$ cat model_10.cif   # mmCIF, C-alpha atoms
data_upload
#
loop_
_atom_site.label_atom_id
_atom_site.label_comp_id
_atom_site.auth_asym_id
_atom_site.auth_seq_id
_atom_site.Cartn_x
_atom_site.Cartn_y
_atom_site.Cartn_z
CA MET A 1 0.00 0.00 0.00
CA PRO A 2 1.16 3.59 -0.57
CA PRO A 3 2.31 5.39 2.54
CA LYS A 4 -0.32 7.14 4.55
CA GLN A 5 -0.13 10.90 4.43
CA GLN A 6 1.30 12.41 7.58
CA THR A 7 -1.63 14.33 8.92
CA ASP A 8 0.59 16.60 11.01
CA ASN A 9 3.35 16.64 8.34
CA THR A 10 6.03 16.35 10.98
CA ALA A 11 8.79 15.60 8.47
CA MET A 12 7.94 18.72 6.47
CA ARG A 13 8.06 20.93 9.56
CA GLU A 14 11.35 19.37 10.63
CA LEU A 15 12.84 19.96 7.19
CA LYS A 16 11.86 23.65 7.29
CA LYS A 17 13.32 23.98 10.79
CA ALA A 18 16.56 22.26 9.79
CA LEU A 19 16.98 24.52 6.78
CA ARG A 20 16.55 27.59 9.02
CA GLN A 21 18.57 26.46 12.02
CA GLY A 22 20.81 23.67 10.75
CA GLY A 23 20.77 19.99 11.65
CA LEU A 24 19.71 18.43 8.34
CA LYS A 25 19.20 14.67 8.46
CA ASN A 26 21.33 12.17 6.56
CA LEU A 27 18.38 10.66 4.71
CA TYR A 28 15.30 12.09 2.98
CA VAL A 29 12.64 10.75 0.64
CA PHE A 30 10.89 13.54 -1.31
CA TYR A 31 7.59 12.61 -2.93
CA GLY A 32 4.08 13.92 -3.48
CA ASP A 33 1.92 15.77 -6.02
CA GLU A 34 3.13 19.31 -5.41
CA THR A 35 6.12 19.56 -7.74
CA PHE A 36 6.63 23.28 -7.07
CA LEU A 37 7.22 22.76 -3.35
CA ARG A 38 9.36 19.69 -3.89
CA GLU A 39 11.67 21.51 -6.30
CA TYR A 40 11.81 24.57 -4.06
CA TYR A 41 12.93 22.63 -0.99
CA LEU A 42 15.31 20.52 -3.02
CA GLY A 43 16.91 23.77 -4.17
CA GLU A 44 17.10 25.02 -0.58
CA LEU A 45 18.70 21.72 0.45
CA LYS A 46 21.37 22.10 -2.21
CA LYS A 47 22.10 25.66 -1.09
CA ALA A 48 22.45 24.55 2.52
CA ILE A 49 24.79 21.63 1.80
CA LEU A 50 26.83 22.53 -1.27
CA PRO A 51 29.30 25.44 -1.13
CA GLN A 52 29.00 27.72 -4.14
CA GLY A 53 31.44 26.70 -6.86
CA MET A 54 32.02 23.23 -5.42
CA GLU A 55 28.78 21.60 -6.56
CA ASP A 56 30.47 19.40 -9.18
CA PHE A 57 32.73 17.84 -6.56
CA ASN A 58 30.18 17.22 -3.81
CA LEU A 59 26.94 16.49 -5.68
CA HIS A 60 26.41 12.94 -6.92
CA THR A 61 23.29 12.25 -8.98
CA ALA A 62 21.68 9.25 -10.66
CA GLN A 63 18.40 8.33 -12.34
CA GLY A 64 16.46 5.31 -11.17
CA LYS A 65 17.03 2.94 -14.10
CA GLU A 66 20.70 3.88 -14.31
CA CYS A 67 21.20 3.44 -10.58
CA SER A 68 21.92 0.42 -8.37
CA VAL A 69 22.39 -0.30 -4.70
CA ASP A 70 26.14 -0.62 -5.30
CA TRP A 71 26.28 2.81 -6.98
CA ILE A 72 24.48 4.39 -4.02
CA ALA A 73 26.89 2.76 -1.58
CA GLN A 74 29.89 4.03 -3.56
CA ALA A 75 28.47 7.55 -3.81
CA VAL A 76 27.80 7.65 -0.08
CA ASP A 77 31.43 6.70 0.59
CA CYS A 78 32.80 9.61 -1.45
CA LEU A 79 34.40 12.13 0.92
CA PRO A 80 33.54 15.83 0.60
CA MET A 81 36.00 18.20 -1.07
CA MET A 82 36.40 21.64 0.53
CA SER A 83 32.99 21.17 2.11
CA GLU A 84 31.55 19.68 5.27
CA ARG A 85 29.05 17.46 3.45
CA THR A 86 28.18 15.74 0.20
CA LEU A 87 24.75 15.40 -1.37
CA VAL A 88 23.73 12.16 -3.08
CA LEU A 89 20.60 12.71 -5.15
CA VAL A 90 18.77 9.70 -6.61
CA THR A 91 15.66 10.24 -8.77
CA ASP A 92 12.89 7.67 -9.33
CA PHE A 93 14.70 4.73 -7.76
CA ASP A 94 12.37 1.90 -6.72
CA LEU A 95 13.45 1.31 -3.15
CA MET A 96 10.95 -1.47 -2.55
CA GLY A 97 11.66 -3.25 -5.85
CA GLN A 98 15.26 -4.28 -5.14
CA GLY A 99 14.50 -7.76 -3.87
CA GLU A 100 15.15 -9.07 -0.39
CA LYS A 101 18.94 -8.88 -0.72
CA GLY A 102 18.87 -5.34 -2.13
CA ARG A 103 16.47 -4.08 0.53
CA GLN A 104 18.66 -5.56 3.25
CA GLN A 105 21.73 -3.84 1.77
CA LEU A 106 19.86 -0.54 1.67
CA LEU A 107 18.68 -0.94 5.25
CA GLU A 108 22.24 -1.55 6.46
CA LEU A 109 23.42 1.44 4.43
CA PHE A 110 20.72 3.76 5.84
CA GLU A 111 21.45 2.69 9.41
CA ASP A 112 25.13 3.57 9.03
CA LEU A 113 25.16 6.69 6.85
CA PRO A 114 28.25 8.83 7.49
CA ASP A 115 27.73 12.24 9.06
CA TYR A 116 29.20 14.00 6.03
CA CYS A 117 26.62 12.61 3.60
CA CYS A 118 23.01 13.58 2.91
CA LEU A 119 21.23 10.96 0.79
CA VAL A 120 18.02 12.11 -0.91
CA PHE A 121 15.61 10.01 -2.96
CA VAL A 122 13.31 12.10 -5.17
CA TYR A 123 10.17 10.71 -6.80
CA ASP A 124 9.04 12.57 -9.89
CA LEU A 125 7.70 10.22 -12.59
CA LEU A 126 7.72 7.08 -10.47
CA PRO A 127 5.03 6.91 -7.77
CA PHE A 128 6.47 6.39 -4.31
CA LYS A 129 5.37 3.23 -2.57
CA VAL A 130 6.63 1.78 0.67
CA ASP A 131 5.92 -1.69 2.00
CA GLY A 132 5.37 -1.26 5.72
CA ARG A 133 5.66 -5.02 6.19
CA SER A 134 9.35 -5.01 5.23
CA LYS A 135 12.15 -3.99 7.57
CA LEU A 136 13.23 -1.28 5.11
CA GLY A 137 9.72 0.17 4.94
CA THR A 138 9.40 0.13 8.72
CA TYR A 139 12.73 1.90 9.07
CA LEU A 140 11.77 4.63 6.58
CA LYS A 141 8.51 5.31 8.38
CA LYS A 142 10.13 5.54 11.81
CA SER A 143 13.04 7.67 10.60
CA GLU A 144 10.77 10.63 9.69
CA ALA A 145 12.69 10.79 6.41
CA LEU A 146 9.50 10.69 4.31
CA VAL A 147 8.60 14.22 3.21
CA ASN A 148 5.26 14.33 1.43
CA PHE A 149 4.88 17.45 -0.72
CA GLN A 150 1.12 17.36 -1.03
CA ARG A 151 -1.30 19.87 -2.49
CA GLN A 152 -1.72 22.81 -0.14
CA SER A 153 -4.93 23.85 1.58
CA THR A 154 -6.93 26.75 0.18
CA GLY A 155 -5.88 28.91 3.13
CA ASP A 156 -2.17 28.24 2.64
CA LEU A 157 -2.45 28.77 -1.12
CA THR A 158 -4.32 32.03 -0.59
CA ASP A 159 -1.58 33.33 1.72
CA TRP A 160 1.05 32.29 -0.82
CA ILE A 161 -0.75 34.04 -3.70
CA VAL A 162 -1.02 37.25 -1.65
CA ARG A 163 2.71 37.10 -0.85
CA LYS A 164 3.71 36.34 -4.44
CA CYS A 165 1.62 39.22 -5.80
CA LYS A 166 3.19 41.55 -3.25
CA ALA A 167 6.67 40.44 -4.31
CA MET A 168 5.76 41.39 -7.90
CA GLY A 169 4.56 44.85 -6.87
CA HIS A 170 0.82 44.12 -6.75
CA ARG A 171 -1.81 43.32 -4.20
CA VAL A 172 -4.76 40.95 -4.38
CA GLU A 173 -7.77 40.51 -2.12
CA ARG A 174 -8.13 37.12 -0.46
CA ASP A 175 -11.50 36.47 -2.12
CA ASP A 176 -9.95 37.13 -5.52
CA ALA A 177 -7.01 34.87 -4.70
CA GLN A 178 -9.46 32.08 -3.91
CA TYR A 179 -11.23 32.78 -7.20
CA LEU A 180 -7.90 32.26 -9.00
CA ILE A 181 -7.47 28.90 -7.24
CA PHE A 182 -10.93 27.86 -8.44
CA LEU A 183 -10.20 29.17 -11.94
CA CYS A 184 -6.77 27.58 -12.43
CA GLY A 185 -6.62 24.74 -9.91
CA ASP A 186 -4.46 24.20 -6.83
CA SER A 187 -1.14 23.30 -8.48
CA MET A 188 1.45 25.81 -7.28
CA THR A 189 3.49 25.26 -10.45
CA ASN A 190 0.57 26.30 -12.64
CA LEU A 191 -0.54 29.09 -10.30
CA SER A 192 2.97 30.56 -10.29
CA THR A 193 2.97 30.75 -14.09
CA GLU A 194 -0.51 32.26 -14.22
CA LEU A 195 0.32 34.84 -11.53
CA GLU A 196 3.32 36.06 -13.48
CA LYS A 197 1.13 36.61 -16.55
CA ILE A 198 -1.64 38.27 -14.54
CA CYS A 199 0.68 40.65 -12.69
CA ALA A 200 2.39 41.60 -15.96
CA TYR A 201 -1.02 42.32 -17.50
CA ALA A 202 -2.61 44.17 -14.56
CA SER A 203 -2.59 47.92 -15.13
CA GLY A 204 -3.29 48.89 -11.52
CA GLU A 205 -1.71 47.99 -8.22
CA ARG A 206 -4.62 45.72 -7.35
CA VAL A 207 -5.04 42.49 -9.29
CA THR A 208 -8.74 42.02 -10.09
CA ARG A 209 -10.86 39.12 -11.27
CA ALA A 210 -11.14 40.89 -14.62
CA ASP A 211 -7.32 40.69 -14.93
CA MET A 212 -7.48 36.98 -14.11
CA ASP A 213 -10.25 36.29 -16.62
CA ALA A 214 -8.38 38.23 -19.30
CA VAL A 215 -5.13 36.24 -19.37
CA ALA A 216 -5.34 33.17 -17.12
CA ILE A 217 -5.94 29.78 -18.70
CA PRO A 218 -8.80 28.26 -16.69
CA GLN A 219 -9.10 24.57 -15.88
CA VAL A 220 -11.93 22.75 -17.60
CA ASP A 221 -13.98 22.34 -14.42
CA ALA A 222 -14.05 26.12 -13.95
CA VAL A 223 -15.11 26.73 -17.56
CA VAL A 224 -17.91 24.17 -17.39
CA PHE A 225 -19.01 25.68 -14.07
CA GLN A 226 -19.28 29.06 -15.80
CA MET A 227 -21.33 27.47 -18.58
CA THR A 228 -23.73 25.65 -16.28
CA ASP A 229 -24.00 28.70 -14.03
CA ALA A 230 -25.05 30.74 -17.08
CA LEU A 231 -27.50 27.96 -17.89
CA ALA A 232 -28.97 28.15 -14.41
CA ARG A 233 -29.38 31.91 -14.90
CA ARG A 234 -31.14 31.17 -18.22
CA ASP A 235 -28.41 33.02 -20.10
CA PHE A 236 -28.41 30.66 -23.07
CA ASP A 237 -26.22 32.86 -25.29
CA LYS A 238 -23.43 32.84 -22.70
CA ALA A 239 -23.79 29.10 -22.05
CA ALA A 240 -23.85 28.26 -25.76
CA GLY A 241 -20.80 30.42 -26.38
CA VAL A 242 -18.81 28.69 -23.64
CA LEU A 243 -19.84 25.26 -24.93
CA ALA A 244 -18.81 26.19 -28.48
CA ASP A 245 -15.39 27.31 -27.20
CA LEU A 246 -14.97 24.08 -25.25
CA LEU A 247 -15.82 21.91 -28.25
CA HIS A 248 -13.61 24.02 -30.51
CA SER A 249 -10.69 23.48 -28.11
CA GLN A 250 -11.13 19.72 -28.55
CA GLU A 251 -12.36 19.05 -25.03
CA ALA A 252 -14.06 15.65 -24.98
CA PRO A 253 -17.88 16.01 -24.85
CA ILE A 254 -18.16 13.08 -22.42
CA MET A 255 -15.82 14.89 -20.03
CA ILE A 256 -17.80 18.14 -20.38
CA LEU A 257 -20.99 16.22 -19.67
CA SER A 258 -19.39 14.63 -16.59
CA VAL A 259 -18.68 18.07 -15.10
CA MET A 260 -22.17 19.28 -16.09
CA GLY A 261 -23.69 16.29 -14.37
CA LYS A 262 -21.76 17.06 -11.21
CA TYR A 263 -22.96 20.68 -11.29
CA PHE A 264 -26.62 19.69 -11.57
CA ARG A 265 -26.25 17.10 -8.82
CA GLN A 266 -24.86 19.89 -6.66
CA LEU A 267 -27.73 22.16 -7.74
CA TYR A 268 -30.23 19.44 -6.83
CA THR A 269 -28.58 18.99 -3.44
CA ALA A 270 -28.64 22.74 -2.86
CA ARG A 271 -32.37 22.81 -3.61
CA LEU A 272 -32.94 19.95 -1.15
CA TYR A 273 -30.94 21.81 1.50
CA LEU A 274 -32.90 25.01 0.93
CA ASP A 275 -36.19 23.14 1.30
CA ALA A 276 -34.88 21.53 4.48
CA GLY A 277 -33.75 24.88 5.92
CA LYS A 278 -30.08 23.93 6.00
CA SER A 279 -27.24 26.40 5.57
CA ARG A 280 -24.71 27.01 2.84
CA SER A 281 -21.92 25.75 5.09
CA ASP A 282 -23.78 22.44 5.55
CA PHE A 283 -24.10 22.15 1.78
CA MET A 284 -20.43 22.96 1.18
CA GLN A 285 -19.31 20.50 3.82
CA LEU A 286 -21.31 17.72 2.17
CA TRP A 287 -19.64 18.34 -1.19
CA GLY A 288 -16.21 19.16 0.22
CA MET A 289 -16.21 22.60 -1.40
CA LYS A 290 -13.32 24.93 -0.62
CA HIS A 291 -14.59 28.12 -2.24
CA SER A 292 -17.43 30.07 -0.63
CA PHE A 293 -18.34 31.93 -3.83
CA GLN A 294 -18.95 28.58 -5.52
CA GLY A 295 -21.33 27.57 -2.74
CA ASP A 296 -23.05 30.98 -2.90
CA LYS A 297 -23.60 30.70 -6.65
CA LEU A 298 -25.09 27.23 -6.36
CA MET A 299 -27.41 28.17 -3.50
CA ASP A 300 -28.53 31.31 -5.37
CA ALA A 301 -29.12 29.32 -8.56
CA ALA A 302 -31.09 26.66 -6.67
CA ARG A 303 -33.54 29.31 -5.48
CA LYS A 304 -34.54 29.94 -9.12
CA PHE A 305 -35.54 26.35 -9.86
CA SER A 306 -38.02 23.92 -8.44
CA LEU A 307 -36.95 20.63 -6.92
CA VAL A 308 -38.71 18.86 -9.80
CA TRP A 309 -36.68 20.74 -12.43
CA CYS A 310 -33.40 20.08 -10.61
CA ARG A 311 -34.22 16.38 -10.47
CA HIS A 312 -35.08 16.48 -14.17
CA ALA A 313 -31.72 18.10 -15.02
CA VAL A 314 -29.85 15.35 -13.17
CA ARG A 315 -31.84 12.66 -15.01
CA ARG A 316 -31.30 14.29 -18.41
CA CYS A 317 -27.54 14.40 -17.83
CA ALA A 318 -27.59 10.69 -17.01
CA GLN A 319 -29.67 9.97 -20.14
CA ALA A 320 -27.29 12.04 -22.29
CA ASP A 321 -24.38 10.07 -20.89
CA LEU A 322 -26.01 6.83 -22.04
CA GLN A 323 -26.82 8.34 -25.45
CA MET A 324 -23.19 9.33 -25.99
CA LYS A 325 -22.02 5.81 -25.22
CA VAL A 326 -24.31 4.21 -27.81
CA ASN A 327 -24.12 6.94 -30.49
CA TYR A 328 -20.44 7.28 -31.26
CA GLY A 329 -19.66 10.40 -33.26
CA ALA A 330 -22.77 12.32 -32.19
CA GLU A 331 -21.48 13.44 -28.78
CA GLY A 332 -21.31 17.14 -29.69
CA GLU A 333 -24.86 17.19 -31.01
CA ILE A 334 -26.17 15.35 -27.95
CA LEU A 335 -24.45 17.85 -25.65
CA THR A 336 -25.79 20.84 -27.61
CA GLN A 337 -29.33 19.43 -27.56
CA LEU A 338 -29.09 18.89 -23.80
CA LEU A 339 -27.92 22.46 -23.30
CA MET A 340 -30.80 23.85 -25.37
CA GLU A 341 -33.38 21.78 -23.49
CA LEU A 342 -32.11 22.69 -20.03
CA SER A 343 -31.73 26.34 -20.98
CA ALA A 344 -35.41 26.47 -21.95
CA GLY A 345 -36.27 25.66 -18.33
CA ARG A 346 -39.30 23.74 -19.52
CA LYS A 347 -41.76 22.40 -17.00
CA VAL A 348 -41.55 18.69 -16.39
CA ILE A 349 -43.85 16.30 -14.58
CA GLU A 350 -42.23 14.38 -11.78
CA CYS A 351 -42.37 10.68 -12.52
#

$ encode --input "model_10.cif" --output "structure tokens"
Amino acid sequence: MPPKQQTDNTAMRELKKALRQGGLKNLYVFYGDETFLREYYLGELKKAILPQGMEDFNLHTAQGKECSVDWIAQAVDCLPMMSERTLVLVTDFDLMGQGEKGRQQLLELFEDLPDYCCLVFVYDLLPFKVDGRSKLGTYLKKSEALVNFQRQSTGDLTDWIVRKCKAMGHRVERDDAQYLIFLCGDSMTNLSTELEKICAYASGERVTRADMDAVAIPQVDAVVFQMTDALARRDFDKAAGVLADLLHSQEAPIMILSVMGKYFRQLYTARLYLDAGKSRSDFMQLWGMKHSFQGDKLMDAARKFSLVWCRHAVRRCAQADLQMKVNYGAEGEILTQLLMELSAGRKVIEC
């Protein structure tokens, strides 16, 4: 099984502390979805260990398929030159796939790493998996060497966006920063690129949602949300225009329909919650929503439709899904017909 995420992220906090105050460990395993953070802290690790100008002498690197247990052992034994430590960096090396003998060799190596060496395994293309039943897996878990660079919470991302905008000479309101996360996703790598474009485009000190909409490349979920939100407001021209752009950009109709179906299930739930007198926060908690404006829009839209119509929209999305699967080549027409029907807001009789 893959390693469980550290809920308190102890290893991450310890790494930050060690980079600030010294005391870096001899062994680290860097993995996780957030590439931006992983590369940032790997860069900070290199700065802390490798004296400027001496990197070629004290940095030893290898890729997984080109690496072996013997190579790692030899690299670890290399003494530092005009430096206190060496850095051995191994990328996409399958620790658990070395067989019993290889895992035992690695375990003995990890238990006796010299003080002058910092050994780091980085997982980029290869997913990191650790077998907790093996002695090596047990050792890695207890050593607090596993640093999981996972996607950040909305709050942490919002703070980071505010700081990054400030560093580029702009300011952004927290609500607008959260809108950008919804628009472009929660990947810091992607957000960093989009922020640079937005801040270069923004004419004023404050970065606005209009600036974001003008130059940011939105994720498909956000675009479909805009389309279905326009549909809920009976703005067919806007909804049809968004759909046409999506189809023109070669987005798969079945994927567009999947996101539409999710929206109308959320709309149906919102209508149920309104009828039951429940709050927006209850609704957002049920769906695991991170963005309050998204919950507000859905609750406002639900007030404009009856429970019967919302149920009908969910059913029609399910029917369209089946139609697409048995009518290959007609997906775009099926999606357009569905959009036209739902935009009409026709009255339906509950079955």

$ closest_residue --input "model_10.cif" --among "A:Leu157, A:Leu87, A:Ala214, A:Met82" --to "A:Leu113" --atoms "all atoms listed in the file"
A:Leu87

$ resolve_selection --input "model_10.cif" --expression "the PyMOL selection byres ((chain A and resi 107) around 12)" --output "JSON, numbers by chain"
{"A": [27, 69, 73, 95, 96, 98, 100, 101, 102, 103, 104, 105, 106, 108, 109, 110, 111, 112, 113, 134, 135, 136, 137, 138, 139, 140, 143]}

$ write_last_selection --input "model_10.cif" --atoms "C-alpha atoms" --output "compact mmCIF listing (two decimals), keeping the file's coordinate frame"
# COMPACT_ATOMS: atom_id res chain seq x y z
CA LEU A 27 18.38 10.66 4.71
CA VAL A 69 22.39 -0.30 -4.70
CA ALA A 73 26.89 2.76 -1.58
CA LEU A 95 13.45 1.31 -3.15
CA MET A 96 10.95 -1.47 -2.55
CA GLN A 98 15.26 -4.28 -5.14
CA GLU A 100 15.15 -9.07 -0.39
CA LYS A 101 18.94 -8.88 -0.72
CA GLY A 102 18.87 -5.34 -2.13
CA ARG A 103 16.47 -4.08 0.53
CA GLN A 104 18.66 -5.56 3.25
CA GLN A 105 21.73 -3.84 1.77
CA LEU A 106 19.86 -0.54 1.67
CA GLU A 108 22.24 -1.55 6.46
CA LEU A 109 23.42 1.44 4.43
CA PHE A 110 20.72 3.76 5.84
CA GLU A 111 21.45 2.69 9.41
CA ASP A 112 25.13 3.57 9.03
CA LEU A 113 25.16 6.69 6.85
CA SER A 134 9.35 -5.01 5.23
CA LYS A 135 12.15 -3.99 7.57
CA LEU A 136 13.23 -1.28 5.11
CA GLY A 137 9.72 0.17 4.94
CA THR A 138 9.40 0.13 8.72
CA TYR A 139 12.73 1.90 9.07
CA LEU A 140 11.77 4.63 6.58
CA SER A 143 13.04 7.67 10.60

$ resolve_selection --input "model_10.cif" --expression "the PyMOL selection byres ((chain A and resi 298) around 8)" --output "count of residues only"
12

$ closest_residue --input "model_10.cif" --among "A:Cys67, A:Ala330, A:Ala318, A:Val29" --to "A:Lys129" --atoms "all atoms listed in the file"
A:Val29

$ closest_residue --input "model_10.cif" --among "A:Leu231, A:Met255, A:Ala240, A:Cys199" --to "A:Ala313" --atoms "only C-alpha atoms"
A:Leu231

$ atom_distance --input "model_10.cif" --atom1 "atom CA of A:Leu59" --atom2 "atom CA of A:Gln21"
22.0 Å

$ atom_distance --input "model_10.cif" --atom1 "atom CA of A:Ala75" --atom2 "atom CA of A:His60"
6.6 Å

$ atom_distance --input "model_10.cif" --atom1 "atom CA of A:Asp131" --atom2 "atom CA of A:Arg38"
22.4 Å

$ closest_residue --input "model_10.cif" --among "A:Leu339, A:Met289, A:Ala177, A:Leu19" --to "A:Phe236" --atoms "only C-alpha atoms"
A:Leu339

$ residues_around --input "model_10.cif" --residues "A:Leu89" --least-positions-apart "3" --cutoff "10 Å" --atoms "all atoms listed in the file" --output "PyMOL selection string"
chain A and resi 28+42+46+59-63+72+75+86+118-122

$ closest_residue --input "model_10.cif" --among "A:Leu37, A:Ala320, A:Ser83, A:Met227" --to "A:Asp56" --atoms "all atoms listed in the file"
A:Ser83

$ resolve_selection --input "model_10.cif" --expression "the PyMOL selection byres ((chain A and resi 228) around 10)" --output "compact mmCIF listing (two decimals) with C-alpha atoms, keeping the file's coordinate frame"
# COMPACT_ATOMS: atom_id res chain seq x y z
CA ALA A 222 -14.05 26.12 -13.95
CA VAL A 223 -15.11 26.73 -17.56
CA VAL A 224 -17.91 24.17 -17.39
CA PHE A 225 -19.01 25.68 -14.07
CA GLN A 226 -19.28 29.06 -15.80
CA MET A 227 -21.33 27.47 -18.58
CA ASP A 229 -24.00 28.70 -14.03
CA ALA A 230 -25.05 30.74 -17.08
CA LEU A 231 -27.50 27.96 -17.89
CA ALA A 232 -28.97 28.15 -14.41
CA ARG A 233 -29.38 31.91 -14.90
CA ARG A 234 -31.14 31.17 -18.22
CA ASP A 235 -28.41 33.02 -20.10
CA PHE A 236 -28.41 30.66 -23.07
CA LYS A 238 -23.43 32.84 -22.70
CA ALA A 239 -23.79 29.10 -22.05
CA ALA A 240 -23.85 28.26 -25.76
CA VAL A 242 -18.81 28.69 -23.64
CA LEU A 243 -19.84 25.26 -24.93
CA VAL A 259 -18.68 18.07 -15.10
CA MET A 260 -22.17 19.28 -16.09
CA GLY A 261 -23.69 16.29 -14.37
CA TYR A 263 -22.96 20.68 -11.29
CA PHE A 264 -26.62 19.69 -11.57
CA LEU A 339 -27.92 22.46 -23.30
CA LEU A 342 -32.11 22.69 -20.03
CA SER A 343 -31.73 26.34 -20.98

$ residues_near_point --input "model_10.cif" --point "(-31.9, 23.9, -2.2)" --cutoff "10 Å" --atoms "all atoms listed in the file" --output "list in words"
Gln266, Leu267, Tyr268, Thr269, Ala270, Arg271, Leu272, Tyr273, Leu274, Asp275, Ala276, Gly277, Lys278, Ser279, Arg280, Phe283, Leu298, Met299, Asp300, Ala301, Ala302, Arg303, Lys304, Phe305, Ser306, Leu307 and Cys310 of chain A

$ write_last_selection --input "model_10.cif" --atoms "C-alpha atoms" --output "PDB file, in the frame of the given file"
ATOM      1  CA  GLN A 266     -24.860  19.890  -6.660  1.00  0.00           C
ATOM      2  CA  LEU A 267     -27.730  22.160  -7.740  1.00  0.00           C
ATOM      3  CA  TYR A 268     -30.230  19.440  -6.830  1.00  0.00           C
ATOM      4  CA  THR A 269     -28.580  18.990  -3.440  1.00  0.00           C
ATOM      5  CA  ALA A 270     -28.640  22.740  -2.860  1.00  0.00           C
ATOM      6  CA  ARG A 271     -32.370  22.810  -3.610  1.00  0.00           C
ATOM      7  CA  LEU A 272     -32.940  19.950  -1.150  1.00  0.00           C
ATOM      8  CA  TYR A 273     -30.940  21.810   1.500  1.00  0.00           C
ATOM      9  CA  LEU A 274     -32.900  25.010   0.930  1.00  0.00           C
ATOM     10  CA  ASP A 275     -36.190  23.140   1.300  1.00  0.00           C
ATOM     11  CA  ALA A 276     -34.880  21.530   4.480  1.00  0.00           C
ATOM     12  CA  GLY A 277     -33.750  24.880   5.920  1.00  0.00           C
ATOM     13  CA  LYS A 278     -30.080  23.930   6.000  1.00  0.00           C
ATOM     14  CA  SER A 279     -27.240  26.400   5.570  1.00  0.00           C
ATOM     15  CA  ARG A 280     -24.710  27.010   2.840  1.00  0.00           C
ATOM     16  CA  PHE A 283     -24.100  22.150   1.780  1.00  0.00           C
ATOM     17  CA  LEU A 298     -25.090  27.230  -6.360  1.00  0.00           C
ATOM     18  CA  MET A 299     -27.410  28.170  -3.500  1.00  0.00           C
ATOM     19  CA  ASP A 300     -28.530  31.310  -5.370  1.00  0.00           C
ATOM     20  CA  ALA A 301     -29.120  29.320  -8.560  1.00  0.00           C
ATOM     21  CA  ALA A 302     -31.090  26.660  -6.670  1.00  0.00           C
ATOM     22  CA  ARG A 303     -33.540  29.310  -5.480  1.00  0.00           C
ATOM     23  CA  LYS A 304     -34.540  29.940  -9.120  1.00  0.00           C
ATOM     24  CA  PHE A 305     -35.540  26.350  -9.860  1.00  0.00           C
ATOM     25  CA  SER A 306     -38.020  23.920  -8.440  1.00  0.00           C
ATOM     26  CA  LEU A 307     -36.950  20.630  -6.920  1.00  0.00           C
ATOM     27  CA  CYS A 310     -33.400  20.080 -10.610  1.00  0.00           C
TER      28      CYS A 310
END

$ closest_residue --input "model_10.cif" --among "A:Lys65, A:Leu195, A:Ile254, A:Glu341" --to "A:Asn327" --atoms "all atoms listed in the file"
A:Ile254

$ decode --input "model_10.cif" --residues "stretch 168-180 of chain A" --atoms "N, CA and C atoms" --output "mmCIF file, in the first residue's frame"
data_model
loop_
_atom_site.group_PDB
_atom_site.id
_atom_site.type_symbol
_atom_site.label_atom_id
_atom_site.label_comp_id
_atom_site.auth_asym_id
_atom_site.auth_seq_id
_atom_site.Cartn_x
_atom_site.Cartn_y
_atom_site.Cartn_z
ATOM 1 N N MET A 168 5.733 40.885 -6.519
ATOM 2 C CA MET A 168 5.756 41.389 -7.902
ATOM 3 C C MET A 168 5.174 42.793 -8.017
ATOM 4 N N GLY A 169 4.994 43.465 -6.857
ATOM 5 C CA GLY A 169 4.557 44.845 -6.870
ATOM 6 C C GLY A 169 3.067 45.047 -6.991
ATOM 7 N N HIS A 170 2.281 44.029 -6.666
ATOM 8 C CA HIS A 170 0.824 44.121 -6.750
ATOM 9 C C HIS A 170 0.202 43.631 -5.440
ATOM 10 N N ARG A 171 -1.075 43.864 -5.326
ATOM 11 C CA ARG A 171 -1.815 43.317 -4.199
ATOM 12 C C ARG A 171 -3.086 42.653 -4.718
ATOM 13 N N VAL A 172 -3.558 41.677 -3.976
ATOM 14 C CA VAL A 172 -4.758 40.955 -4.380
ATOM 15 C C VAL A 172 -5.584 40.662 -3.132
ATOM 16 N N GLU A 173 -6.883 40.826 -3.233
ATOM 17 C CA GLU A 173 -7.768 40.512 -2.117
ATOM 18 C C GLU A 173 -7.862 38.991 -1.961
ATOM 19 N N ARG A 174 -8.099 38.555 -0.734
ATOM 20 C CA ARG A 174 -8.128 37.125 -0.461
ATOM 21 C C ARG A 174 -9.247 36.428 -1.243
ATOM 22 N N ASP A 175 -10.400 37.072 -1.363
ATOM 23 C CA ASP A 175 -11.497 36.468 -2.118
ATOM 24 C C ASP A 175 -11.106 36.280 -3.584
ATOM 25 N N ASP A 176 -10.386 37.242 -4.137
ATOM 26 C CA ASP A 176 -9.953 37.132 -5.523
ATOM 27 C C ASP A 176 -8.869 36.070 -5.677
ATOM 28 N N ALA A 177 -8.021 35.931 -4.657
ATOM 29 C CA ALA A 177 -7.006 34.870 -4.695
ATOM 30 C C ALA A 177 -7.670 33.492 -4.705
ATOM 31 N N GLN A 178 -8.734 33.343 -3.929
ATOM 32 C CA GLN A 178 -9.465 32.078 -3.912
ATOM 33 C C GLN A 178 -10.174 31.839 -5.239
ATOM 34 N N TYR A 179 -10.621 32.913 -5.872
ATOM 35 C CA TYR A 179 -11.226 32.781 -7.204
ATOM 36 C C TYR A 179 -10.187 32.250 -8.195
ATOM 37 N N LEU A 180 -8.965 32.724 -8.099
ATOM 38 C CA LEU A 180 -7.902 32.256 -8.996
ATOM 39 C C LEU A 180 -7.630 30.769 -8.780
#
